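S.K.: Here you go, this is final.tsv (TSV, C-alpha atoms).
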```tsv
chain	number	residue	atom	x	y	z
O	200	MET	CA	-13.65	-14.84	114.67
O	201	GLY	CA	-15.54	-17.95	115.62
O	202	SER	CA	-14.97	-19.37	112.14
O	203	ALA	CA	-12.09	-19.37	109.70
O	204	THR	CA	-11.29	-16.02	108.10
O	205	PRO	CA	-11.30	-15.65	104.31
O	206	GLU	CA	-7.53	-16.18	104.40
O	207	GLU	CA	-8.14	-19.56	106.10
O	208	GLU	CA	-6.04	-18.61	109.11
O	209	PRO	CA	-6.54	-20.74	112.19
O	210	ASP	CA	-8.81	-19.03	114.74
O	211	GLY	CA	-6.00	-18.58	117.25
O	212	LEU	CA	-3.67	-16.84	114.81
O	213	SER	CA	-6.44	-14.61	113.51
O	214	ALA	CA	-7.48	-13.58	117.04
O	215	PHE	CA	-3.85	-13.02	118.04
O	216	LYS	CA	-3.09	-10.78	115.05
O	217	HIS	CA	-6.24	-8.75	115.50
O	218	ALA	CA	-5.71	-8.24	119.23
O	219	PHE	CA	-2.07	-7.18	118.98
O	220	ARG	CA	-2.96	-4.71	116.22
O	221	ARG	CA	-5.21	-3.07	118.80
O	222	HIS	CA	-2.48	-3.08	121.47
O	223	ALA	CA	0.08	-0.33	122.09
O	224	ALA	CA	3.56	-0.69	123.51
O	225	GLY	CA	6.47	1.35	124.74
O	226	VAL	CA	9.65	0.92	122.72
O	227	ALA	CA	12.92	-0.21	124.32
O	228	ALA	CA	16.28	-1.05	122.80
O	229	ILE	CA	18.35	-4.02	123.99
O	230	THR	CA	22.07	-4.28	123.36
O	231	ALA	CA	24.69	-6.94	124.05
O	232	ILE	CA	28.07	-8.04	122.77
O	233	THR	CA	29.00	-11.24	121.01
O	234	PRO	CA	31.76	-13.49	122.43
O	235	ALA	CA	34.05	-11.81	119.86
O	236	GLY	CA	33.19	-8.38	121.29
O	237	LYS	CA	30.95	-7.17	118.46
O	238	PRO	CA	27.96	-5.01	119.48
O	239	VAL	CA	24.47	-6.24	118.67
O	240	GLY	CA	21.12	-4.63	119.39
O	241	PHE	CA	17.45	-4.47	118.52
O	242	THR	CA	14.24	-2.67	119.39
O	243	ALA	CA	11.76	-4.47	121.63
O	244	THR	CA	8.10	-3.77	122.30
O	245	SER	CA	7.98	-6.69	124.76
O	246	LEU	CA	9.94	-5.14	127.63
O	247	ALA	CA	8.02	-5.51	130.90
O	248	SER	CA	8.58	-5.19	134.60
O	249	LEU	CA	8.45	-8.47	136.51
O	250	ALA	CA	9.29	-7.31	140.04
O	251	ALA	CA	10.90	-4.40	141.87
O	252	VAL	CA	12.48	-6.41	144.70
O	253	PRO	CA	14.66	-7.84	143.32
O	254	PRO	CA	14.50	-5.57	140.24
O	255	LEU	CA	13.55	-7.92	137.38
O	256	ALA	CA	12.53	-7.21	133.79
O	257	THR	CA	11.54	-9.49	130.92
O	258	PHE	CA	11.72	-9.31	127.14
O	259	ASN	CA	10.91	-11.76	124.35
O	260	ILE	CA	13.04	-12.69	121.35
O	261	ALA	CA	12.78	-15.05	118.39
O	262	ARG	CA	15.65	-17.52	118.29
O	263	VAL	CA	16.10	-16.73	114.60
O	264	ALA	CA	16.81	-13.04	115.40
O	265	SER	CA	20.24	-11.72	114.41
O	266	ALA	CA	20.98	-10.85	118.04
O	267	TRP	CA	20.01	-14.28	119.39
O	268	PRO	CA	23.47	-15.90	119.35
O	269	ALA	CA	24.74	-13.04	121.53
O	270	ILE	CA	21.72	-13.11	123.87
O	271	GLU	CA	22.05	-16.89	124.15
O	272	SER	CA	25.70	-16.78	125.20
O	273	THR	CA	26.15	-13.55	127.15
O	274	ASP	CA	25.64	-12.90	130.87
O	275	TYR	CA	24.78	-9.20	130.60
O	276	VAL	CA	22.55	-6.95	128.51
O	277	ALA	CA	21.82	-3.22	128.42
O	278	ILE	CA	18.18	-2.11	128.25
O	279	HIS	CA	17.37	1.41	127.06
O	280	MET	CA	14.05	3.25	127.29
O	281	LEU	CA	13.42	5.27	124.14
O	282	GLY	CA	11.81	8.71	124.10
O	283	SER	CA	9.68	10.45	121.49
O	284	ARG	CA	12.81	12.15	120.14
O	285	ASN	CA	14.47	8.74	119.57
O	286	LYS	CA	12.45	7.66	116.53
O	287	SER	CA	15.50	7.67	114.24
O	288	LEU	CA	17.47	5.69	116.82
O	289	ALA	CA	14.63	3.14	116.94
O	290	GLU	CA	14.64	2.90	113.15
O	291	LYS	CA	18.43	2.43	113.13
O	292	LEU	CA	18.24	-0.39	115.71
O	293	ALA	CA	15.46	-2.05	113.69
O	294	GLY	CA	17.25	-1.57	110.37
O	295	ALA	CA	20.09	-3.31	108.54
O	296	ASN	CA	22.19	-5.32	111.01
O	297	GLU	CA	25.55	-4.17	109.69
O	298	LEU	CA	24.63	-0.48	110.13
O	299	ARG	CA	23.12	-0.58	113.63
O	300	PHE	CA	26.37	0.43	115.37
O	301	VAL	CA	27.88	2.58	112.62
O	302	GLY	CA	27.94	6.11	114.01
O	303	ASP	CA	28.51	8.02	117.24
O	304	HIS	CA	25.11	7.17	118.80
O	305	TRP	CA	26.63	4.77	121.35
O	306	ARG	CA	29.59	4.29	123.65
O	307	PRO	CA	30.96	1.31	125.56
O	308	GLY	CA	29.56	1.04	129.10
O	309	PRO	CA	29.59	-1.49	131.96
O	310	HIS	CA	30.76	-4.98	130.92
O	311	ALA	CA	31.73	-3.39	127.54
O	312	LEU	CA	28.01	-3.21	126.66
O	313	PRO	CA	26.94	-0.65	124.04
O	314	ILE	CA	25.12	2.21	125.79
O	315	LEU	CA	22.95	4.26	123.44
O	316	GLU	CA	23.12	8.06	123.58
O	317	GLY	CA	20.09	10.32	124.02
O	318	VAL	CA	17.75	7.70	125.47
O	319	THR	CA	15.49	8.51	128.45
O	320	ALA	CA	17.04	5.89	130.75
O	321	TRP	CA	19.28	2.85	130.57
O	322	MET	CA	19.82	-0.19	132.76
O	323	VAL	CA	22.40	-2.97	132.78
O	324	GLY	CA	21.44	-6.36	134.12
O	325	ARG	CA	22.38	-9.99	134.34
O	326	ILE	CA	20.35	-12.63	132.49
O	327	VAL	CA	18.98	-14.92	135.20
O	328	GLU	CA	16.56	-17.05	133.13
O	329	ARG	CA	16.09	-18.04	129.49
O	330	LEU	CA	12.78	-19.82	128.90
O	331	TYR	CA	12.59	-21.51	125.50
O	332	VAL	CA	9.10	-21.79	123.99
O	333	ALA	CA	8.84	-23.12	120.43
O	334	ALA	CA	11.32	-21.07	118.34
O	335	ASN	CA	11.39	-18.20	120.85
O	336	ALA	CA	12.79	-17.26	124.24
O	337	VAL	CA	11.60	-15.26	127.22
O	338	ILE	CA	14.60	-13.55	128.84
O	339	VAL	CA	14.57	-12.53	132.52
O	340	VAL	CA	17.09	-9.87	133.56
O	341	GLU	CA	18.05	-8.77	137.06
O	342	ILE	CA	18.92	-5.07	136.91
O	343	GLU	CA	22.21	-4.16	138.60
O	344	GLU	CA	22.90	-0.56	137.58
O	345	GLY	CA	21.86	2.20	135.19
O	346	GLY	CA	21.76	5.85	134.31
O	347	PRO	CA	19.10	8.54	134.01
O	348	GLY	CA	19.30	9.67	130.35
O	349	GLU	CA	17.47	12.71	129.01
O	350	PRO	CA	13.89	13.58	130.05
O	351	ASP	CA	11.35	13.07	127.25
O	352	ASP	CA	7.94	11.53	126.62
O	353	ALA	CA	8.09	7.80	125.97
O	354	LEU	CA	8.21	6.41	122.43
O	355	ILE	CA	5.11	4.36	121.66
O	356	TYR	CA	4.38	1.88	118.87
O	357	HIS	CA	0.70	1.55	117.92
O	358	GLU	CA	-1.05	0.74	114.65
O	359	ARG	CA	2.23	0.26	112.77
O	360	ALA	CA	3.53	3.73	113.64
O	361	TYR	CA	5.78	5.38	116.20
O	362	ARG	CA	3.87	7.88	118.30
O	363	ARG	CA	4.19	10.02	121.37
O	364	PRO	CA	1.83	9.52	124.34
O	365	GLY	CA	-1.34	11.62	124.08
O	366	GLU	CA	-3.57	13.38	126.57
O	367	ARG	CA	-4.43	12.09	130.03
O	368	LEU	CA	-7.83	10.44	130.25
M	104	MET	CA	23.04	6.46	139.54
M	105	GLY	CA	26.58	5.21	140.05
M	106	SER	CA	26.24	5.77	143.79
M	107	ALA	CA	23.51	5.25	146.36
M	108	THR	CA	20.58	7.65	146.19
M	109	PRO	CA	19.62	9.75	149.23
M	110	GLU	CA	17.06	7.05	150.09
M	111	GLU	CA	19.92	4.49	150.16
M	112	GLU	CA	18.29	2.34	147.51
M	113	PRO	CA	20.56	-0.21	145.86
M	114	ASP	CA	21.78	0.96	142.43
M	115	GLY	CA	19.79	-1.71	140.58
M	116	LEU	CA	16.48	-0.82	142.22
M	117	SER	CA	17.03	2.90	141.70
M	118	ALA	CA	17.89	2.40	138.00
M	119	PHE	CA	14.92	0.04	137.55
M	120	LYS	CA	12.42	2.46	139.09
M	121	HIS	CA	13.72	5.40	137.11
M	122	ALA	CA	13.70	3.52	133.80
M	123	PHE	CA	10.20	2.10	134.16
M	124	ARG	CA	8.88	5.55	135.09
M	125	ARG	CA	10.12	6.66	131.66
M	126	HIS	CA	8.51	3.65	129.92
M	127	ALA	CA	4.99	3.49	128.48
M	128	ALA	CA	2.79	0.43	128.14
M	129	GLY	CA	-0.48	-0.67	126.61
M	130	VAL	CA	-3.06	-1.85	129.13
M	131	ALA	CA	-4.60	-5.32	128.97
M	132	ALA	CA	-6.99	-7.12	131.31
M	133	ILE	CA	-6.56	-10.80	132.18
M	134	THR	CA	-9.42	-12.89	133.54
M	135	ALA	CA	-9.70	-16.47	134.78
M	136	ILE	CA	-11.88	-18.56	137.05
M	137	THR	CA	-10.99	-20.22	140.32
M	138	PRO	CA	-11.50	-23.98	140.77
M	139	ALA	CA	-14.78	-23.06	142.52
M	140	GLY	CA	-15.93	-21.13	139.42
M	141	LYS	CA	-15.43	-17.62	140.80
M	142	PRO	CA	-14.25	-14.97	138.29
M	143	VAL	CA	-10.94	-13.22	138.94
M	144	GLY	CA	-9.21	-10.55	136.90
M	145	PHE	CA	-6.62	-7.80	136.87
M	146	THR	CA	-5.07	-5.18	134.60
M	147	ALA	CA	-1.63	-5.92	133.17
M	148	THR	CA	0.90	-3.60	131.55
M	149	SER	CA	3.22	-6.56	130.91
M	150	LEU	CA	1.29	-8.23	128.10
M	151	ALA	CA	3.61	-8.94	125.16
M	152	SER	CA	3.68	-10.92	121.96
M	153	LEU	CA	6.13	-13.84	121.98
M	154	ALA	CA	5.43	-15.39	118.57
M	155	ALA	CA	2.76	-15.48	115.85
M	156	VAL	CA	3.28	-19.10	114.78
M	157	PRO	CA	2.21	-20.61	117.05
M	158	PRO	CA	0.39	-17.55	118.50
M	159	LEU	CA	2.00	-17.01	121.91
M	160	ALA	CA	1.69	-14.16	124.41
M	161	THR	CA	3.30	-13.53	127.80
M	162	PHE	CA	2.36	-11.63	130.94
M	163	ASN	CA	3.93	-11.27	134.36
M	164	ILE	CA	2.30	-11.63	137.76
M	165	ALA	CA	3.36	-11.45	141.40
M	166	ARG	CA	2.64	-14.67	143.25
M	167	VAL	CA	1.10	-12.60	146.05
M	168	ALA	CA	-1.52	-11.16	143.67
M	169	SER	CA	-5.16	-11.91	144.48
M	170	ALA	CA	-5.58	-13.65	141.11
M	171	TRP	CA	-2.51	-15.84	141.51
M	172	PRO	CA	-4.22	-18.93	143.01
M	173	ALA	CA	-6.52	-19.02	139.96
M	174	ILE	CA	-3.70	-18.42	137.46
M	175	GLU	CA	-1.62	-21.09	139.19
M	176	SER	CA	-4.31	-23.76	138.92
M	177	THR	CA	-6.26	-23.01	135.73
M	178	ASP	CA	-5.54	-24.16	132.17
M	179	TYR	CA	-7.17	-21.21	130.37
M	180	VAL	CA	-7.19	-17.42	130.61
M	181	ALA	CA	-8.91	-14.62	128.68
M	182	ILE	CA	-6.79	-11.66	127.59
M	183	HIS	CA	-8.52	-8.37	126.68
M	184	MET	CA	-7.02	-5.35	124.94
M	185	LEU	CA	-8.33	-2.14	126.47
M	186	GLY	CA	-9.19	0.96	124.47
M	187	SER	CA	-9.10	4.64	125.42
M	188	ARG	CA	-12.80	4.47	126.28
M	189	ASN	CA	-12.11	1.64	128.78
M	190	LYS	CA	-10.46	3.73	131.52
M	191	SER	CA	-13.25	3.05	134.03
M	192	LEU	CA	-13.10	-0.67	133.20
M	193	ALA	CA	-9.33	-0.58	133.83
M	194	GLU	CA	-9.90	1.15	137.17
M	195	LYS	CA	-12.55	-1.41	138.14
M	196	LEU	CA	-10.22	-4.32	137.33
M	197	ALA	CA	-7.45	-2.66	139.34
M	198	GLY	CA	-9.76	-1.79	142.25
M	199	ALA	CA	-11.23	-3.67	145.20
M	200	ASN	CA	-11.18	-7.44	144.54
M	201	GLU	CA	-14.73	-8.08	145.68
M	202	LEU	CA	-16.14	-5.46	143.30
M	203	ARG	CA	-14.27	-6.37	140.10
M	204	PHE	CA	-17.08	-8.57	138.74
M	205	VAL	CA	-20.07	-6.77	140.26
M	206	GLY	CA	-21.99	-5.34	137.32
M	207	ASP	CA	-22.95	-6.11	133.74
M	208	HIS	CA	-19.53	-5.37	132.22
M	209	TRP	CA	-18.78	-9.05	131.56
M	210	ARG	CA	-20.36	-12.29	130.42
M	211	PRO	CA	-19.25	-15.93	130.55
M	212	GLY	CA	-17.36	-17.03	127.42
M	213	PRO	CA	-15.31	-20.04	126.28
M	214	HIS	CA	-14.30	-22.37	129.14
M	215	ALA	CA	-16.64	-20.29	131.37
M	216	LEU	CA	-14.04	-17.49	131.34
M	217	PRO	CA	-15.25	-13.94	132.07
M	218	ILE	CA	-15.23	-11.94	128.80
M	219	LEU	CA	-15.24	-8.19	129.35
M	220	GLU	CA	-17.64	-6.02	127.36
M	221	GLY	CA	-16.60	-3.01	125.28
M	222	VAL	CA	-12.92	-3.93	124.93
M	223	THR	CA	-11.11	-3.55	121.59
M	224	ALA	CA	-10.30	-7.27	121.26
M	225	TRP	CA	-10.21	-10.41	123.35
M	226	MET	CA	-8.38	-13.72	123.12
M	227	VAL	CA	-8.70	-17.01	124.98
M	228	GLY	CA	-5.65	-19.19	125.37
M	229	ARG	CA	-4.14	-22.13	127.17
M	230	ILE	CA	-1.33	-21.60	129.68
M	231	VAL	CA	1.64	-23.53	128.28
M	232	GLU	CA	4.40	-22.36	130.64
M	233	ARG	CA	4.69	-20.87	134.12
M	234	LEU	CA	8.22	-19.67	134.90
M	235	TYR	CA	8.75	-18.90	138.58
M	236	VAL	CA	11.34	-16.21	139.35
M	237	ALA	CA	11.68	-15.08	142.97
M	238	ALA	CA	8.11	-14.29	144.18
M	239	ASN	CA	6.79	-13.80	140.64
M	240	ALA	CA	5.79	-15.76	137.57
M	241	VAL	CA	6.06	-15.29	133.81
M	242	ILE	CA	3.01	-16.85	132.15
M	243	VAL	CA	3.10	-18.05	128.53
M	244	VAL	CA	-0.27	-18.45	126.79
M	245	GLU	CA	-1.02	-20.10	123.44
M	246	ILE	CA	-3.97	-18.26	121.87
M	247	GLU	CA	-6.75	-20.54	120.62
M	248	GLU	CA	-9.64	-18.22	119.80
M	249	GLY	CA	-10.95	-14.71	120.26
M	250	GLY	CA	-13.25	-11.93	119.15
M	251	PRO	CA	-12.87	-8.51	117.55
M	252	GLY	CA	-14.38	-6.10	120.12
M	253	GLU	CA	-15.07	-2.44	119.38
M	254	PRO	CA	-12.63	-0.25	117.39
M	255	ASP	CA	-10.89	2.37	119.53
M	256	ASP	CA	-7.43	3.79	120.20
M	257	ALA	CA	-5.40	1.72	122.65
M	258	LEU	CA	-5.31	2.57	126.34
M	259	ILE	CA	-1.82	3.55	127.47
M	260	TYR	CA	-0.28	3.87	130.92
M	261	HIS	CA	2.58	6.37	131.20
M	262	GLU	CA	3.83	8.58	134.03
M	263	ARG	CA	1.25	7.22	136.46
M	264	ALA	CA	-1.71	8.15	134.25
M	265	TYR	CA	-3.98	6.51	131.69
M	266	ARG	CA	-3.62	8.18	128.29
M	267	ARG	CA	-4.61	7.78	124.68
M	268	PRO	CA	-1.90	7.41	121.99
M	269	GLY	CA	-0.78	10.73	120.55
M	270	GLU	CA	0.36	11.94	117.16
M	271	ARG	CA	2.45	9.92	114.74
M	272	LEU	CA	6.11	10.87	114.72
```
In structure tokens, how does this file's structure come out?

M.R.:
Amino acid sequence: MGSATPEEEPDGLSAFKHAFRRHAAGVAAITAITPAGKPVGFTATSLASLAAVPPLATFNIARVASAWPAIESTDYVAIHMLGSRNKSLAEKLAGANELRFVGDHWRPGPHALPILEGVTAWMVGRIVERLYVAANAVIVVEIEEGGPGEPDDALIYHERAYRRPGERL
Amino acid sequence: MGSATPEEEPDGLSAFKHAFRRHAAGVAAITAITPAGKPVGFTATSLASLAAVPPLATFNIARVASAWPAIESTDYVAIHMLGSRNKSLAEKLAGANELRFVGDHWRPGPHALPILEGVTAWMVGRIVERLYVAANAVIVVEIEEGGPGEPDDALIYHERAYRRPGERL
């Protein structure tokens, strides 16, 4: 990729796309409520641990995302770890906005946040930083409480498909 | 986890630890050079895409990490995606500091950065933001160039073990 690709993409974009196609990620679901009390949520492959003491996690979001107005204005979010059995839940939270909270797959939890059912773990935390970079934001959350969920293998996203983790190496 | 665990951990820490044990992550390796020109590097399970246009990626680091002085002072880093065949490379980059660059598993690349051999893809980018949170930092990198590496399944870390991705769901 030292020169322009046939599609004339800049080198940086071409390298970025290629590298992240080779990457794998665990799948999380983030939920929040709008100032009017409406639930919003989305799947995230960017969830990462930042520190254990204090317990801090990060995720990334585009500021054109449907959930951004809620994430921009709220103090609290719920973060859910998805398991291999949660593929349909992941698809629902990545699907049509107006259908994401239609159904009995969630219940109100701490701070009235939507807590998703059947996940492998959930956490509720306070947004302590919002770093704006271009049209995006890095969100830093300090975890305050949570619940254990149902044991399951993690849900992985790799090569444009949901997968379960494979054998130990 | 509504009450203190037997170990008397705070609720937030207990929920955080439990949730991230259930999470899975792809494994990347970040390298840089110190002002004196010495290579440094480490494995990261926090690498995430922030945006494609411009191509931005994030990773998290503790400011007590051995590589932190280099990351704090340098303009450029190399980010490598690790494949399932790269387990021993991952272990080397997570092992004793003084041994991480002993061997022929790397070569100098753009900006004199150490480029690791045999990875599935690599990118070189400029650090555009460093967000300090408690004793940690979120690093934002704008990708400028890269190379394709060798095709392979991604390397995953889940339940304290390196794994390959499993079946599609």

S.K.: Which is closest to Pro113 (chain M) among O:Leu246, O:Leu255, O:Ile270, O:Ile342, if we use all atoms listed in the file?

M.R.: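 Among the listed residues, O:Ile342 lies closest to Pro113 (chain M).
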
S.K.: Which residues are close to region 228-237 of chain M, i.e. within 6 Å by all atoms listed in the file, leaving aside same-chain residues fewer than 2 positions away? Reply as a list in words.

M.R.: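 Here the qualifying residues turn out to be Asp178, Tyr179, Val180, Asn239, Ala240, Val241, Ile242, Val243, Val244, Glu245, Ile246 and Glu247 of chain M.
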
S.K.: Set the cut-off to 7 Å and count only C-alpha atoms: what are the residues of chain M that reach chain O? Output as a PyMOL selection string.

M.R.: chain M and resi 104+114-116+118-119+121-122+125-129+149+151-155+158+163+184+223-226+239+246-251+257+259+264-272

S.K.: Just checking: using all atoms listed in the file, which residue out of M:Ile133, M:Arg210, M:Phe145, M:Arg166 ends up closest to Glu194 (chain M)?

M.R.: M:Phe145

S.K.: At what distance in Å, to one decimal, does CA of Ala269 (chain O) lie from CA of Gly302 (chain O)?

M.R.: 20.8 Å

S.K.: Between M:Glu112, M:Val143, M:Ser176, M:Pro138, which one has atoms that come closest to Phe204 (chain M), using all atoms listed in the file?

M.R.: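 Of the candidates, the smallest distance to Phe204 (chain M) is held by M:Val143.
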
S.K.: State, in Å with one decimal place, the distance from CA of Ile314 (chain O) to CA of Thr242 (chain O).

M.R.: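 A separation of 13.5 Å between them.
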
S.K.: If you measure from CA of Asp207 (chain M) to CA of Ala168 (chain M), what distance in Å do you get, rounded to one decimal?

M.R.: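 Distance reported for this atom pair: 24.2 Å.
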
S.K.: Starting from the sparse input, extend region 176-186 of chain M to all heavy atoms and give the output as a short mmCIF file (atom, residue, chain, number, x, y, z; two decimals), in the coordinates of the input.

M.R.:
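Generated file (selection.cif):
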```cif
data_model
loop_
_atom_site.label_atom_id
_atom_site.label_comp_id
_atom_site.auth_asym_id
_atom_site.auth_seq_id
_atom_site.Cartn_x
_atom_site.Cartn_y
_atom_site.Cartn_z
N SER M 176 -3.63 -22.46 139.01
CA SER M 176 -4.31 -23.76 138.92
C SER M 176 -5.13 -23.94 137.66
O SER M 176 -5.57 -25.06 137.36
CB SER M 176 -5.21 -23.96 140.14
OG SER M 176 -6.18 -22.94 140.20
N THR M 177 -5.37 -22.88 136.89
CA THR M 177 -6.26 -23.01 135.73
C THR M 177 -5.47 -23.36 134.47
O THR M 177 -4.26 -23.14 134.38
CB THR M 177 -7.04 -21.70 135.48
OG1 THR M 177 -8.04 -21.95 134.50
CG2 THR M 177 -6.13 -20.60 134.97
N ASP M 178 -6.17 -23.90 133.47
CA ASP M 178 -5.54 -24.16 132.17
C ASP M 178 -5.73 -23.00 131.20
O ASP M 178 -4.93 -22.83 130.29
CB ASP M 178 -6.14 -25.42 131.54
CG ASP M 178 -5.70 -26.68 132.25
OD1 ASP M 178 -4.58 -26.70 132.79
OD2 ASP M 178 -6.49 -27.65 132.28
N TYR M 179 -6.82 -22.23 131.37
CA TYR M 179 -7.17 -21.21 130.37
C TYR M 179 -7.32 -19.82 130.99
O TYR M 179 -7.75 -19.69 132.13
CB TYR M 179 -8.49 -21.58 129.69
CG TYR M 179 -8.35 -22.74 128.74
CD1 TYR M 179 -8.59 -24.06 129.17
CD2 TYR M 179 -7.94 -22.54 127.43
CE1 TYR M 179 -8.42 -25.12 128.30
CE2 TYR M 179 -7.78 -23.61 126.56
CZ TYR M 179 -8.02 -24.89 127.00
OH TYR M 179 -7.85 -25.94 126.14
N VAL M 180 -6.95 -18.81 130.21
CA VAL M 180 -7.19 -17.42 130.61
C VAL M 180 -7.78 -16.66 129.42
O VAL M 180 -7.61 -17.07 128.26
CB VAL M 180 -5.89 -16.69 131.05
CG1 VAL M 180 -5.35 -17.28 132.34
CG2 VAL M 180 -4.84 -16.70 129.95
N ALA M 181 -8.46 -15.56 129.72
CA ALA M 181 -8.91 -14.62 128.68
C ALA M 181 -8.07 -13.36 128.80
O ALA M 181 -7.79 -12.88 129.91
CB ALA M 181 -10.39 -14.30 128.86
N ILE M 182 -7.63 -12.86 127.65
CA ILE M 182 -6.79 -11.66 127.59
C ILE M 182 -7.55 -10.62 126.77
O ILE M 182 -7.97 -10.91 125.64
CB ILE M 182 -5.44 -11.96 126.93
CG1 ILE M 182 -4.67 -13.00 127.74
CG2 ILE M 182 -4.63 -10.68 126.75
CD1 ILE M 182 -3.41 -13.51 127.05
N HIS M 183 -7.75 -9.43 127.33
CA HIS M 183 -8.52 -8.37 126.68
C HIS M 183 -7.62 -7.18 126.43
O HIS M 183 -6.89 -6.75 127.31
CB HIS M 183 -9.68 -7.91 127.57
CG HIS M 183 -10.53 -9.03 128.11
ND1 HIS M 183 -10.09 -9.84 129.14
CD2 HIS M 183 -11.75 -9.49 127.76
CE1 HIS M 183 -11.04 -10.75 129.40
NE2 HIS M 183 -12.04 -10.56 128.57
N MET M 184 -7.71 -6.61 125.23
CA MET M 184 -7.02 -5.35 124.94
C MET M 184 -7.96 -4.22 125.29
O MET M 184 -9.13 -4.21 124.87
CB MET M 184 -6.65 -5.27 123.46
CG MET M 184 -5.79 -6.42 122.96
SD MET M 184 -4.35 -6.78 124.00
CE MET M 184 -3.34 -7.71 122.82
N LEU M 185 -7.48 -3.25 126.06
CA LEU M 185 -8.33 -2.14 126.47
C LEU M 185 -8.13 -0.94 125.57
O LEU M 185 -7.01 -0.66 125.11
CB LEU M 185 -8.05 -1.76 127.93
CG LEU M 185 -8.28 -2.87 128.96
CD1 LEU M 185 -8.27 -2.28 130.37
CD2 LEU M 185 -9.57 -3.64 128.72
N GLY M 186 -9.23 -0.24 125.29
CA GLY M 186 -9.19 0.96 124.47
C GLY M 186 -9.27 2.22 125.34
O GLY M 186 -9.49 2.15 126.55
#
```
